[in-house]
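A.B. asks: Input file: data01.cif. Contents: mmCIF, C-alpha atoms.
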```cif
data_run
#
loop_
_atom_site.label_atom_id
_atom_site.label_comp_id
_atom_site.auth_asym_id
_atom_site.auth_seq_id
_atom_site.Cartn_x
_atom_site.Cartn_y
_atom_site.Cartn_z
CA MET S 1 102.46 210.03 112.98
CA ASP S 2 103.09 213.01 115.25
CA THR S 3 99.53 213.82 116.25
CA LYS S 4 100.63 216.66 118.55
CA THR S 5 102.23 218.59 115.69
CA TYR S 6 99.18 217.91 113.56
CA ILE S 7 96.85 219.20 116.26
CA GLU S 8 98.97 222.34 116.62
CA SER S 9 99.20 222.95 112.88
CA GLY S 10 95.94 224.90 112.60
CA VAL S 11 94.55 222.52 109.99
CA ILE S 12 91.82 221.33 112.36
CA GLU S 13 90.57 224.89 112.91
CA SER S 14 90.79 225.56 109.21
CA TYR S 15 88.68 222.42 108.57
CA VAL S 16 86.01 223.24 111.16
CA LEU S 17 85.72 226.81 109.91
CA GLY S 18 85.16 225.51 106.38
CA MET S 19 88.41 226.91 105.03
CA ALA S 20 90.34 223.69 104.37
CA ASP S 21 90.75 222.51 100.81
CA ALA S 22 89.42 219.14 99.69
CA GLN S 23 92.74 217.35 100.19
CA GLU S 24 93.22 218.66 103.73
CA ALA S 25 89.64 217.79 104.59
CA ALA S 26 89.93 214.23 103.28
CA GLU S 27 93.18 213.76 105.20
CA LEU S 28 91.66 215.04 108.42
CA GLU S 29 88.56 212.89 108.07
CA GLN S 30 90.78 209.86 107.73
CA LEU S 31 93.15 210.83 110.57
CA ARG S 32 90.36 211.51 113.08
CA ARG S 33 89.10 207.97 112.59
CA GLN S 34 92.57 206.58 113.32
CA HIS S 35 93.60 208.89 116.16
CA PRO S 36 91.16 209.55 118.99
CA GLU S 37 93.21 212.55 120.17
CA ILE S 38 92.73 214.22 116.78
CA ASP S 39 89.02 213.47 116.92
CA GLN S 40 88.94 215.00 120.40
CA ALA S 41 90.74 218.11 119.19
CA VAL S 42 88.23 218.53 116.35
CA LEU S 43 85.31 218.17 118.73
CA ALA S 44 86.88 220.54 121.27
CA PHE S 45 87.29 223.28 118.67
CA GLU S 46 83.75 222.70 117.36
CA ASN S 47 82.44 223.10 120.91
CA ALA S 48 84.51 226.23 121.56
CA LEU S 49 83.28 227.72 118.28
CA GLU S 50 79.68 226.99 119.20
CA LYS S 51 80.14 228.61 122.62
CA THR S 52 81.69 231.69 121.02
CA ALA S 53 78.85 231.99 118.53
CA MET S 54 76.27 231.34 121.26
CA ALA S 55 77.83 233.97 123.47
CA GLY S 56 77.51 236.48 120.65
CA ALA S 57 73.92 235.47 119.84
CA VAL S 58 71.84 238.32 118.42
CA ALA S 59 68.05 238.14 118.55
CA PRO S 60 66.71 237.94 114.98
CA ARG S 61 64.11 240.35 113.65
CA PRO S 62 60.72 239.32 114.97
CA GLY S 63 58.68 237.68 112.24
CA VAL S 64 61.53 235.76 110.61
CA LYS S 65 60.44 232.65 112.44
CA GLN S 66 56.76 233.05 111.56
CA GLN S 67 57.68 233.62 107.94
CA LEU S 68 59.79 230.47 108.00
CA LEU S 69 57.09 228.37 109.61
CA ALA S 70 54.57 229.57 107.07
CA GLU S 71 56.92 229.13 104.16
CA LEU S 72 58.27 225.71 105.11
CA ASP S 73 54.78 224.41 105.71
CA PHE S 74 53.73 225.94 102.47
CA GLU S 75 56.38 224.56 100.14
CA LYS S 76 58.11 221.63 101.78
CA ALA S 77 59.79 220.42 98.61
CA GLY S 78 59.82 223.57 96.50
CA SER S 79 62.64 225.95 95.60
CA SER S 80 64.86 227.47 98.27
CA ARG S 81 64.02 231.00 97.20
CA VAL S 82 62.76 233.12 100.11
CA VAL S 83 59.54 234.76 99.00
CA SER S 84 56.86 236.44 101.03
CA LEU S 85 53.34 235.99 99.76
CA SER S 86 50.36 238.18 100.40
CA PRO S 87 47.51 236.54 102.36
CA TRP S 88 45.35 236.34 99.24
CA ARG S 89 48.03 234.48 97.40
CA TYR S 90 48.21 232.03 100.28
CA VAL S 91 44.46 231.57 100.00
CA ALA S 92 44.71 231.10 96.24
CA ALA S 93 47.60 228.69 96.58
CA ALA S 94 45.78 226.78 99.30
CA SER S 95 42.64 226.56 97.13
CA ILE S 96 44.62 225.19 94.22
CA LEU S 97 46.25 222.66 96.51
CA LEU S 98 42.87 221.68 97.88
CA LEU S 99 41.44 221.38 94.38
CA VAL S 100 44.32 219.18 93.26
CA ALA S 101 44.06 217.08 96.40
CA SER S 102 40.31 216.73 96.00
CA ALA S 103 40.66 215.78 92.33
CA ALA S 104 43.22 213.17 93.30
CA LEU S 105 40.89 211.87 95.98
CA ASN S 106 38.04 211.73 93.47
CA ILE S 107 40.09 209.57 91.14
CA TYR S 108 41.17 207.43 94.04
CA TYR S 109 37.65 206.93 95.35
CA TYR S 110 36.27 206.34 91.87
CA ASN S 111 38.78 203.55 91.35
CA GLN S 112 37.96 202.16 94.78
CA PHE S 113 34.28 202.30 93.87
CA LYS S 114 34.85 200.49 90.57
CA ASN S 115 36.84 197.78 92.29
CA THR S 116 34.21 197.37 94.95
CA ALA S 117 31.40 197.24 92.39
CA SER S 118 33.05 194.51 90.37
CA ALA S 119 33.90 192.57 93.53
CA TYR S 120 30.23 192.89 94.52
CA GLN S 121 29.11 191.55 91.12
CA ALA S 122 31.43 188.57 91.47
CA LEU S 123 30.14 187.85 94.94
CA LEU S 124 26.53 188.12 93.76
CA LEU S 125 27.20 185.60 91.00
CA GLU S 126 28.91 183.26 93.40
CA LYS S 127 26.06 183.59 95.86
CA ASN S 128 23.50 182.71 93.16
CA SER S 129 25.39 179.65 92.01
CA LEU S 130 25.86 178.50 95.59
CA PHE S 131 22.14 178.96 96.19
CA ALA S 132 21.27 176.90 93.11
CA GLU S 133 23.66 174.18 94.13
CA ASN S 134 22.19 174.20 97.60
CA GLN S 135 18.67 173.79 96.15
CA ASN S 136 19.91 170.92 94.06
CA ILE S 137 21.47 169.19 97.04
CA GLN S 138 18.32 169.74 99.10
CA THR S 139 16.23 168.10 96.39
CA LYS S 140 18.61 165.17 96.25
CA ALA S 141 18.57 164.85 100.02
CA LEU S 142 14.78 164.91 100.03
CA ASP S 143 14.67 162.25 97.29
CA LEU S 144 17.10 160.09 99.22
CA PHE S 145 15.03 160.53 102.35
CA ASN S 146 11.89 159.52 100.44
CA ASN S 147 13.76 156.54 98.95
CA MET S 148 14.79 155.48 102.41
CA GLN S 149 11.15 155.73 103.53
CA VAL S 150 10.11 153.53 100.61
CA MET S 151 12.85 150.97 101.25
CA SER S 152 12.15 150.71 104.95
CA ASP S 153 8.38 150.25 104.52
CA PRO S 154 7.46 146.88 106.18
CA ALA S 155 5.21 146.04 103.24
CA MET S 156 8.14 146.30 100.87
CA ILE S 157 9.52 143.10 99.33
CA LYS S 158 13.17 143.33 98.44
CA VAL S 159 14.40 141.39 95.41
CA SER S 160 18.14 141.31 94.92
CA MET S 161 19.08 140.75 91.28
CA LYS S 162 22.60 139.43 90.91
CA GLY S 163 24.68 139.41 87.78
CA VAL S 164 24.09 136.52 85.40
CA PRO S 165 27.11 134.38 84.42
CA GLY S 166 29.51 136.63 82.51
CA LYS S 167 28.10 139.78 84.22
CA GLU S 168 29.00 138.88 87.82
CA ASN S 169 30.01 142.45 88.69
CA THR S 170 26.54 143.85 88.13
CA LEU S 171 23.83 144.26 90.73
CA ALA S 172 20.36 145.84 90.97
CA THR S 173 17.59 145.70 93.56
CA VAL S 174 13.81 145.75 93.12
CA PHE S 175 11.57 147.02 95.91
CA TRP S 176 8.06 145.74 95.38
CA ASP S 177 5.23 147.08 97.47
CA SER S 178 3.18 144.07 98.44
CA LYS S 179 0.08 146.25 99.05
CA SER S 180 0.06 148.76 96.18
CA LYS S 181 2.10 146.49 93.85
CA ASP S 182 4.24 149.48 92.90
CA VAL S 183 7.75 148.57 91.76
CA TYR S 184 10.87 150.59 92.51
CA LEU S 185 14.31 149.85 91.16
CA LEU S 186 17.71 150.65 92.65
CA PRO S 187 20.40 150.24 89.96
CA ASN S 188 23.23 149.46 92.39
CA GLN S 189 25.83 148.52 89.81
CA LEU S 190 24.95 148.67 86.15
CA PRO S 191 27.48 149.69 83.49
CA LYS S 192 26.61 152.93 81.74
CA ALA S 193 24.42 152.23 78.72
CA ALA S 194 25.53 153.36 75.25
CA PRO S 195 23.64 156.47 73.99
CA ASP S 196 21.40 154.36 71.69
CA LYS S 197 20.65 151.73 74.34
CA GLN S 198 18.52 151.57 77.49
CA TYR S 199 18.06 149.09 80.31
CA GLN S 200 14.60 147.53 80.64
CA LEU S 201 13.10 145.77 83.65
CA TRP S 202 11.04 142.64 83.18
CA ALA S 203 8.72 140.82 85.54
CA ILE S 204 8.43 137.12 84.96
CA VAL S 205 4.74 136.24 85.36
CA ASP S 206 3.70 132.63 84.82
CA GLY S 207 6.96 131.97 83.00
CA LYS S 208 6.45 134.88 80.61
CA PRO S 209 8.37 138.19 80.62
CA VAL S 210 6.17 141.26 81.20
CA ASP S 211 7.52 144.76 80.56
CA ALA S 212 8.01 146.50 83.93
CA GLY S 213 9.38 149.77 82.52
CA LEU S 214 12.49 151.46 81.15
CA ILE S 215 15.24 152.61 83.44
CA ALA S 216 15.84 156.33 82.96
CA ASP S 217 18.36 158.56 84.72
CA CYS S 218 16.90 158.66 88.17
CA ASN S 219 18.13 159.88 91.48
CA GLY S 220 18.32 156.82 93.74
CA LEU S 221 15.15 154.78 93.33
CA CYS S 222 13.45 154.65 89.94
CA LYS S 223 9.71 154.19 90.01
CA MET S 224 8.73 151.44 87.58
CA LYS S 225 5.40 150.06 86.38
CA ASN S 226 2.82 148.56 88.70
CA ILE S 227 3.18 144.77 88.63
CA PRO S 228 0.33 142.81 90.33
CA ALA S 229 2.19 139.50 90.45
CA ALA S 230 5.65 138.19 89.58
CA ALA S 231 7.91 135.25 90.38
CA MET S 232 11.08 136.89 89.20
CA PHE S 233 12.59 140.16 87.95
CA ALA S 234 15.32 140.67 85.37
CA ILE S 235 17.02 143.47 83.46
CA THR S 236 18.14 143.39 79.84
CA LEU S 237 19.88 145.98 77.69
CA GLU S 238 17.58 146.98 74.83
CA LYS S 239 17.54 149.56 72.09
CA LYS S 240 16.53 153.04 73.22
CA GLY S 241 12.78 153.13 73.89
CA GLY S 242 12.61 149.45 74.90
CA SER S 243 11.41 146.25 73.24
CA PRO S 244 8.17 144.28 73.45
CA VAL S 245 10.12 141.14 74.26
CA PRO S 246 13.45 140.87 76.05
CA THR S 247 16.69 140.16 74.15
CA LEU S 248 17.75 137.29 76.35
CA ASP S 249 21.44 137.29 75.46
CA GLN S 250 21.54 140.89 76.71
CA MET S 251 20.37 139.94 80.20
CA TYR S 252 22.47 141.55 82.94
CA VAL S 253 20.84 140.70 86.25
CA ALA S 254 18.01 138.52 87.51
CA GLY S 255 16.53 137.61 90.90
CA LYS S 256 13.70 135.49 92.26
CA VAL S 257 11.00 137.00 94.46
CA GLY S 258 11.06 135.76 98.06
CA MET X 1 69.31 234.24 127.51
CA GLU X 2 70.13 230.69 128.48
CA VAL X 3 67.95 228.11 126.77
CA VAL X 4 67.78 224.72 128.43
CA LYS X 5 68.75 222.03 125.92
CA LYS X 6 66.27 219.24 125.57
CA TYR X 7 67.68 217.25 122.67
CA THR X 8 71.01 215.72 121.72
CA GLU X 9 72.27 216.55 118.24
CA THR X 10 71.51 212.99 117.11
CA GLU X 11 67.90 213.33 118.24
CA LEU X 12 67.65 216.75 116.66
CA VAL X 13 68.88 215.50 113.29
CA GLN X 14 66.57 212.51 113.41
CA LEU X 15 63.51 214.61 114.24
CA LEU X 16 64.42 217.25 111.66
CA ARG X 17 64.57 214.52 109.04
CA GLN X 18 61.08 213.50 110.08
CA ARG X 19 60.07 217.09 109.23
CA SER X 20 58.74 217.83 112.69
CA GLU X 21 57.57 221.42 112.91
CA ALA X 22 58.03 221.48 116.68
CA ILE X 23 61.67 220.51 116.26
CA PHE X 24 62.22 223.15 113.63
CA SER X 25 60.81 225.66 116.05
CA TYR X 26 63.13 224.38 118.77
CA LEU X 27 66.12 224.54 116.43
CA TYR X 28 65.27 228.10 115.48
CA ASP X 29 64.79 229.22 119.07
CA ASN X 30 68.09 227.70 120.13
CA TYR X 31 70.37 228.48 117.23
CA SER X 32 69.03 231.45 115.26
CA GLY X 33 70.80 233.96 117.53
CA ALA X 34 74.21 232.28 117.23
CA LEU X 35 73.83 231.87 113.45
CA LEU X 36 72.72 235.48 113.09
CA SER X 37 75.88 236.56 114.92
CA ILE X 38 78.09 234.89 112.30
CA ILE X 39 75.93 236.29 109.49
CA LEU X 40 76.22 239.80 111.00
CA ASN X 41 79.99 239.31 111.20
CA ILE X 42 79.97 239.01 107.41
CA VAL X 43 76.94 240.88 106.10
CA THR X 44 76.97 243.60 108.81
CA GLU X 45 73.70 245.20 107.73
CA GLU X 46 70.93 243.99 110.03
CA GLU X 47 67.99 243.85 107.62
CA LEU X 48 69.99 241.94 105.05
CA ALA X 49 71.48 239.69 107.72
CA ASN X 50 67.99 238.72 108.82
CA ASP X 51 67.07 237.90 105.23
CA VAL X 52 70.16 235.71 105.02
CA LEU X 53 69.21 234.05 108.31
CA GLN X 54 65.82 233.15 106.88
CA GLU X 55 67.49 231.72 103.79
CA VAL X 56 69.90 229.75 105.99
CA PHE X 57 67.09 228.05 107.89
CA VAL X 58 65.36 227.15 104.64
CA LYS X 59 68.64 225.58 103.51
CA ILE X 60 69.06 223.70 106.79
CA TRP X 61 65.51 222.39 106.46
CA LYS X 62 65.97 221.28 102.88
CA GLN X 63 69.49 219.92 103.15
CA ILE X 64 69.22 218.14 106.49
CA ASP X 65 69.22 214.78 104.70
CA SER X 66 72.68 215.51 103.33
CA TYR X 67 74.14 216.34 106.76
CA ASP X 68 76.88 213.81 107.61
CA SER X 69 77.61 213.58 111.32
CA THR X 70 81.00 211.92 110.70
CA LYS X 71 82.23 215.16 109.14
CA GLY X 72 81.30 217.44 111.98
CA ARG X 73 78.71 218.50 114.52
CA LEU X 74 75.30 219.76 113.48
CA PHE X 75 76.14 223.23 114.74
CA THR X 76 79.36 223.33 112.72
CA TRP X 77 77.39 222.29 109.65
CA MET X 78 74.77 224.99 110.22
CA LEU X 79 77.47 227.58 110.93
CA ASN X 80 79.15 226.79 107.63
CA ILE X 81 75.83 227.09 105.78
CA ALA X 82 75.40 230.51 107.42
CA ARG X 83 78.93 231.57 106.50
CA ASN X 84 78.59 230.44 102.89
CA ALA X 85 75.18 232.08 102.47
CA SER X 86 76.57 235.32 103.92
CA ILE X 87 79.57 235.31 101.60
CA ASP X 88 77.27 234.63 98.65
CA MET X 89 75.22 237.63 99.74
CA ILE X 90 78.13 240.08 99.99
CA ARG X 91 79.37 238.92 96.61
CA SER X 92 75.99 239.41 94.92
CA LYS X 93 75.57 242.35 92.55
CA SER X 94 72.65 243.83 94.46
CA PHE X 95 74.68 243.87 97.67
CA GLN X 96 77.67 245.48 95.96
CA ASN X 97 75.44 248.21 94.58
CA SER X 98 73.69 248.92 97.88
CA ARG X 99 77.02 248.99 99.69
CA GLN X 100 78.32 251.65 97.31
CA ASN X 101 75.26 253.77 97.98
CA ARG X 102 75.59 253.32 101.70
CA GLU X 103 79.24 254.25 101.72
CA LEU X 104 78.33 257.47 99.97
CA THR X 105 75.69 258.37 102.55
CA GLU X 106 77.96 257.42 105.40
CA ASP X 107 80.62 259.73 104.03
CA VAL X 108 78.13 262.54 104.18
CA TYR X 109 76.73 261.81 107.62
CA SER X 110 79.98 260.44 109.11
CA ALA X 111 80.48 256.83 110.14
CA GLY X 112 79.46 257.04 113.78
CA GLY X 113 76.40 255.35 115.21
CA THR X 114 75.60 252.90 112.41
CA SER X 115 74.87 249.28 113.12
CA GLU X 116 78.12 248.25 111.44
CA THR X 117 80.41 249.21 114.27
CA ARG X 118 78.56 246.90 116.63
CA THR X 119 79.11 243.77 114.54
CA ASP X 120 82.82 243.88 115.33
CA GLN X 121 81.98 243.26 118.93
CA ILE X 122 80.05 240.02 118.63
CA GLY X 123 80.82 236.35 118.22
CA VAL X 124 83.78 235.14 116.21
CA ARG X 125 84.76 238.55 114.88
CA LYS X 126 85.13 239.88 118.42
CA MET X 127 87.92 237.28 118.85
CA VAL X 128 89.44 238.09 115.50
CA HIS X 129 89.51 241.72 116.53
CA ASN X 130 92.09 240.86 119.16
CA LEU X 131 94.55 239.34 116.69
CA LYS X 132 97.62 241.19 115.45
CA GLU X 133 96.92 243.29 112.37
CA GLU X 134 98.88 241.02 109.98
CA TYR X 135 96.83 238.02 111.14
CA LYS X 136 93.56 239.87 111.34
CA VAL X 137 93.57 240.85 107.68
CA LEU X 138 94.17 237.24 106.64
CA VAL X 139 91.26 235.90 108.73
CA GLU X 140 89.12 238.77 107.48
CA LEU X 141 89.78 237.96 103.85
CA SER X 142 89.66 234.19 104.12
CA TYR X 143 86.99 233.50 106.73
CA PHE X 144 84.72 236.53 106.49
CA GLN X 145 85.08 237.23 102.79
CA GLY X 146 85.76 233.74 101.49
CA TYR X 147 88.87 234.40 99.40
CA THR X 148 91.21 231.50 98.71
CA GLN X 149 94.75 231.65 100.03
CA ASP X 150 95.97 231.94 96.47
CA GLU X 151 93.75 234.97 95.88
CA ILE X 152 94.89 236.55 99.15
CA SER X 153 98.53 235.96 98.23
CA LYS X 154 98.02 237.90 94.99
CA MET X 155 95.83 240.55 96.58
CA LEU X 156 98.30 241.40 99.35
CA ASN X 157 101.39 240.53 97.38
CA ILE X 158 102.59 238.12 100.06
CA PRO X 159 104.07 234.68 99.14
CA LEU X 160 101.50 231.85 99.31
CA GLY X 161 103.63 229.97 101.88
CA THR X 162 103.60 232.98 104.18
CA VAL X 163 99.82 233.37 103.84
CA LYS X 164 99.42 229.70 104.78
CA THR X 165 101.68 229.82 107.84
CA ARG X 166 100.32 233.10 109.15
CA LEU X 167 96.74 232.00 108.69
CA ARG X 168 97.35 228.78 110.59
CA THR X 169 99.08 230.66 113.40
CA ALA X 170 96.12 233.02 113.49
CA LEU X 171 93.70 230.13 113.76
CA ILE X 172 95.66 228.56 116.61
CA GLN X 173 95.59 231.91 118.42
CA LEU X 174 91.84 232.15 117.81
CA ARG X 175 91.39 228.70 119.25
CA GLU X 176 93.29 229.70 122.38
CA MET X 177 91.10 232.79 122.78
CA MET X 178 87.96 230.69 122.47
CA LYS X 179 89.08 228.32 125.22
CA PRO X 180 86.92 228.78 128.29
#
```
Let me see whether you can do it: turn the structure in this file into structure tokens.

C.D. replies:
Amino acid sequence: MDTKTYIESGVIESYVLGMADAQEAAELEQLRRQHPEIDQAVLAFENALEKTAMAGAVAPRPGVKQQLLAELDFEKAGSSRVVSLSPWRYVAAASILLLVASAALNIYYYNQFKNTASAYQALLLEKNSLFAENQNIQTKALDLFNNMQVMSDPAMIKVSMKGVPGKENTLATVFWDSKSKDVYLLPNQLPKAAPDKQYQLWAIVDGKPVDAGLIADCNGLCKMKNIPAAAMFAITLEKKGGSPVPTLDQMYVAGKVG
Amino acid sequence: MEVVKKYTETELVQLLRQRSEAIFSYLYDNYSGALLSIILNIVTEEELANDVLQEVFVKIWKQIDSYDSTKGRLFTWMLNIARNASIDMIRSKSFQNSRQNRELTEDVYSAGGTSETRTDQIGVRKMVHNLKEEYKVLVELSYFQGYTQDEISKMLNIPLGTVKTRLRTALIQLREMMKP
């Protein structure tokens, strides 16, 4: 490729001045990438053209710039038509813009408000349920603390009731207050009773079983009946509501006092 | 008036694309005079030329995203927008009508002292003025009036090949005149 001839052909000038046809332009754009001297020639003519135009610069009519600044600010993405507006029309146009913007903001803030309100409701609900749960746990903690107080009382007699043969995995403990004769039961390990059944505690007094109370769902220690004297305690599974006499083949645990 | 340049063309383009008003102002202050000179070369009537200038800056502002620096410098791009807008103007019906009216009045009051004579003496046309007559008419018709070489060939009844060669010679001579 004879770049010198190309540079002297006038096609570069024709291209820069916007007079080259599409084919010439495409060819030049390709050639300038391949040949730095062609690229240089293009740039040199562009610079010379700019200098010539700069040297001939004519001050524009005053006000063209202001009009442009006002117009371009006014309609950044509108049509390219040059129009001059009277001040009142600017005011009117600005008011409409403001109105539209404010309406849009209203919608935006209303949506924000709705979102916030529903988030607040959800939080309120969560707070209430947490509070209830907390109350619940506090009650349980207090019960457990009271239980511990009961169990650690020096007057308390502890009777461990182990599983009878065939029910070795079961365990329950009686705490018997030697002063007040109150009986408390801790059901350490008792299988869950069927819905129509209930565990019943018995005190064995002079070889006879005495009803010491039904075991309900209790938190930790269950307070049973007051038993003045007993040699032994045992638990049987009875029908719901209890029985006057124990069903002996349904005995789960038993333990001697002392 | 020499304005100290503060930005490279790359910076200018980048800031223009960010729609900076300060940069637009800078661009206008630095380039409006040079662009007006090319517009005056074509439109010749000062009021109209200023209207075209305003239109040109609106176009620059709106089309800056389509400017491709691999195809030419920013100034070249702006200059071509100015040239095309000016040619569109002189080809518009309203311009043709007003020109007819003006030519009538000028016939009555004689041609001296109008703003038109001055536009020959500025910018690119001042250079073209120094070309030989046979070259000058070709540059006039193609660059300042936007006719294709084919149209010029028919208009002047000169073979297309001759139009092409003469025009290219004219452009090379113009380039030499523009050299510092």

A.B. asks: Kindly provide the residues of chain S that approach chain X to within 8 Å, each paired with its closest atom pair and their distance in Å to one decimal, based on all atoms listed in the file, listed by chain and increasing number, as a Markdown table.

C.D. replies:
```
| residue | atom | partner | partner_atom | distance |
| --- | --- | --- | --- | --- |
| S:Glu8 | CA | X:Ile172 | CA | 7.0 |
| S:Ser9 | CA | X:Arg168 | CA | 6.5 |
| S:Gly10 | CA | X:Arg168 | CA | 4.6 |
| S:Val11 | CA | X:Arg168 | CA | 6.9 |
| S:Glu13 | CA | X:Leu171 | CA | 6.2 |
| S:Ser14 | CA | X:Leu171 | CA | 7.1 |
| S:Val16 | CA | X:Thr76 | CA | 6.8 |
| S:Leu17 | CA | X:Asn80 | CA | 7.0 |
| S:Gly18 | CA | X:Asn80 | CA | 6.3 |
| S:Met19 | CA | X:Tyr143 | CA | 7.0 |
| S:Glu29 | CA | X:Lys71 | CA | 6.8 |
| S:Leu43 | CA | X:Arg73 | CA | 7.8 |
| S:Phe45 | CA | X:Arg175 | CA | 6.8 |
| S:Glu46 | CA | X:Thr76 | CA | 6.4 |
| S:Ala48 | CA | X:Met178 | CA | 5.7 |
| S:Leu49 | CA | X:Met178 | CA | 6.9 |
| S:Glu50 | CA | X:Phe75 | CA | 6.8 |
| S:Thr52 | CA | X:Gly123 | CA | 5.5 |
| S:Ala53 | CA | X:Gly123 | CA | 4.8 |
| S:Met54 | CA | X:Ala34 | CA | 4.6 |
| S:Ala55 | CA | X:Gly123 | CA | 6.5 |
| S:Gly56 | CA | X:Gly123 | CA | 4.1 |
| S:Ala57 | CA | X:Ala34 | CA | 4.1 |
| S:Val58 | CA | X:Gly33 | CA | 4.6 |
| S:Ala59 | CA | X:Gly33 | CA | 5.1 |
| S:Pro60 | CA | X:Gly33 | CA | 6.3 |
| S:Arg61 | CA | X:Asn50 | CA | 6.4 |
| S:Val64 | CA | X:Gln54 | CA | 6.3 |
| S:Lys65 | CA | X:Tyr28 | CA | 7.3 |
| S:Leu68 | CA | X:Gln54 | CA | 6.7 |
| S:Leu69 | CA | X:Glu21 | CA | 7.7 |
| S:Leu72 | CA | X:Val58 | CA | 7.3 |
| S:Lys76 | CA | X:Lys62 | CA | 7.9 |
| S:Ala77 | CA | X:Lys62 | CA | 7.6 |
| S:Ser80 | CA | X:Val58 | CA | 6.4 |
| S:Arg81 | CA | X:Glu55 | CA | 7.5 |
| S:Val82 | CA | X:Glu55 | CA | 6.2 |
```

A.B. asks: Quick one: which residues end up in the PyMOL selection byres ((chain S and resi 252) around 12) for this structure, as a PDB file with C-alpha atoms, keeping the file's coordinate frame?

C.D. replies:
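File produced: result_6.pdb:
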```
ATOM      1  CA  MET S 161      19.080 140.750  91.280  1.00  0.00           C
ATOM      2  CA  LYS S 162      22.600 139.430  90.910  1.00  0.00           C
ATOM      3  CA  GLY S 163      24.680 139.410  87.780  1.00  0.00           C
ATOM      4  CA  VAL S 164      24.090 136.520  85.400  1.00  0.00           C
ATOM      5  CA  PRO S 165      27.110 134.380  84.420  1.00  0.00           C
ATOM      6  CA  GLY S 166      29.510 136.630  82.510  1.00  0.00           C
ATOM      7  CA  LYS S 167      28.100 139.780  84.220  1.00  0.00           C
ATOM      8  CA  GLU S 168      29.000 138.880  87.820  1.00  0.00           C
ATOM      9  CA  ASN S 169      30.010 142.450  88.690  1.00  0.00           C
ATOM     10  CA  THR S 170      26.540 143.850  88.130  1.00  0.00           C
ATOM     11  CA  LEU S 171      23.830 144.260  90.730  1.00  0.00           C
ATOM     12  CA  ALA S 172      20.360 145.840  90.970  1.00  0.00           C
ATOM     13  CA  PRO S 187      20.400 150.240  89.960  1.00  0.00           C
ATOM     14  CA  GLN S 189      25.830 148.520  89.810  1.00  0.00           C
ATOM     15  CA  LEU S 190      24.950 148.670  86.150  1.00  0.00           C
ATOM     16  CA  PRO S 191      27.480 149.690  83.490  1.00  0.00           C
ATOM     17  CA  ALA S 193      24.420 152.230  78.720  1.00  0.00           C
ATOM     18  CA  TYR S 199      18.060 149.090  80.310  1.00  0.00           C
ATOM     19  CA  GLN S 200      14.600 147.530  80.640  1.00  0.00           C
ATOM     20  CA  LEU S 201      13.100 145.770  83.650  1.00  0.00           C
ATOM     21  CA  TRP S 202      11.040 142.640  83.180  1.00  0.00           C
ATOM     22  CA  PHE S 233      12.590 140.160  87.950  1.00  0.00           C
ATOM     23  CA  ALA S 234      15.320 140.670  85.370  1.00  0.00           C
ATOM     24  CA  ILE S 235      17.020 143.470  83.460  1.00  0.00           C
ATOM     25  CA  THR S 236      18.140 143.390  79.840  1.00  0.00           C
ATOM     26  CA  LEU S 237      19.880 145.980  77.690  1.00  0.00           C
ATOM     27  CA  GLU S 238      17.580 146.980  74.830  1.00  0.00           C
ATOM     28  CA  PRO S 246      13.450 140.870  76.050  1.00  0.00           C
ATOM     29  CA  THR S 247      16.690 140.160  74.150  1.00  0.00           C
ATOM     30  CA  LEU S 248      17.750 137.290  76.350  1.00  0.00           C
ATOM     31  CA  ASP S 249      21.440 137.290  75.460  1.00  0.00           C
ATOM     32  CA  GLN S 250      21.540 140.890  76.710  1.00  0.00           C
ATOM     33  CA  MET S 251      20.370 139.940  80.200  1.00  0.00           C
ATOM     34  CA  VAL S 253      20.840 140.700  86.250  1.00  0.00           C
ATOM     35  CA  ALA S 254      18.010 138.520  87.510  1.00  0.00           C
ATOM     36  CA  GLY S 255      16.530 137.610  90.900  1.00  0.00           C
TER      37      GLY S 255
END
```

A.B. asks: Segment 210-226 of chain S: which residues within 10 Å, counting all atoms listed in the file, same-chain residues fewer than 3 positions away excluded, as a count of residues only?

C.D. replies: 50

A.B. asks: Counting all atoms listed in the file, which of X:Gly161, X:Lys93, X:Asp65, X:Val43 gets nearest to Arg17 of chain X?

C.D. replies: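 Smallest distance to Arg17 of chain X is found for X:Asp65.
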
A.B. asks: Which residues, named as in the file, does the PyMOL selection byres ((chain X and resi 9) around 12) pick out? Answer as number ranges by chain.

C.D. replies: X: 5-8, 10-16, 23, 27, 67-69, 72-78

A.B. asks: For atom CA of Pro209 of chain S and atom CA of Ile227 of chain S, quote the distance in Å rounded to one decimal.

C.D. replies: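 Atom-to-atom, atom CA of Pro209 of chain S and atom CA of Ile227 of chain S are spaced 11.6 Å apart.
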
A.B. asks: Hey, can you check how far atom CA of Pro36 of chain S sits from atom CA of Ile7 of chain S?

C.D. replies: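 It comes out at 11.5 Å.
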
A.B. asks: So the first atom is atom CA of Arg33 of chain S and the second is atom CA of Phe144 of chain X; what is the distance between them in Å, to one decimal place?

C.D. replies: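 So the two atoms, atom CA of Arg33 of chain S and atom CA of Phe144 of chain X, lie 29.5 Å apart.
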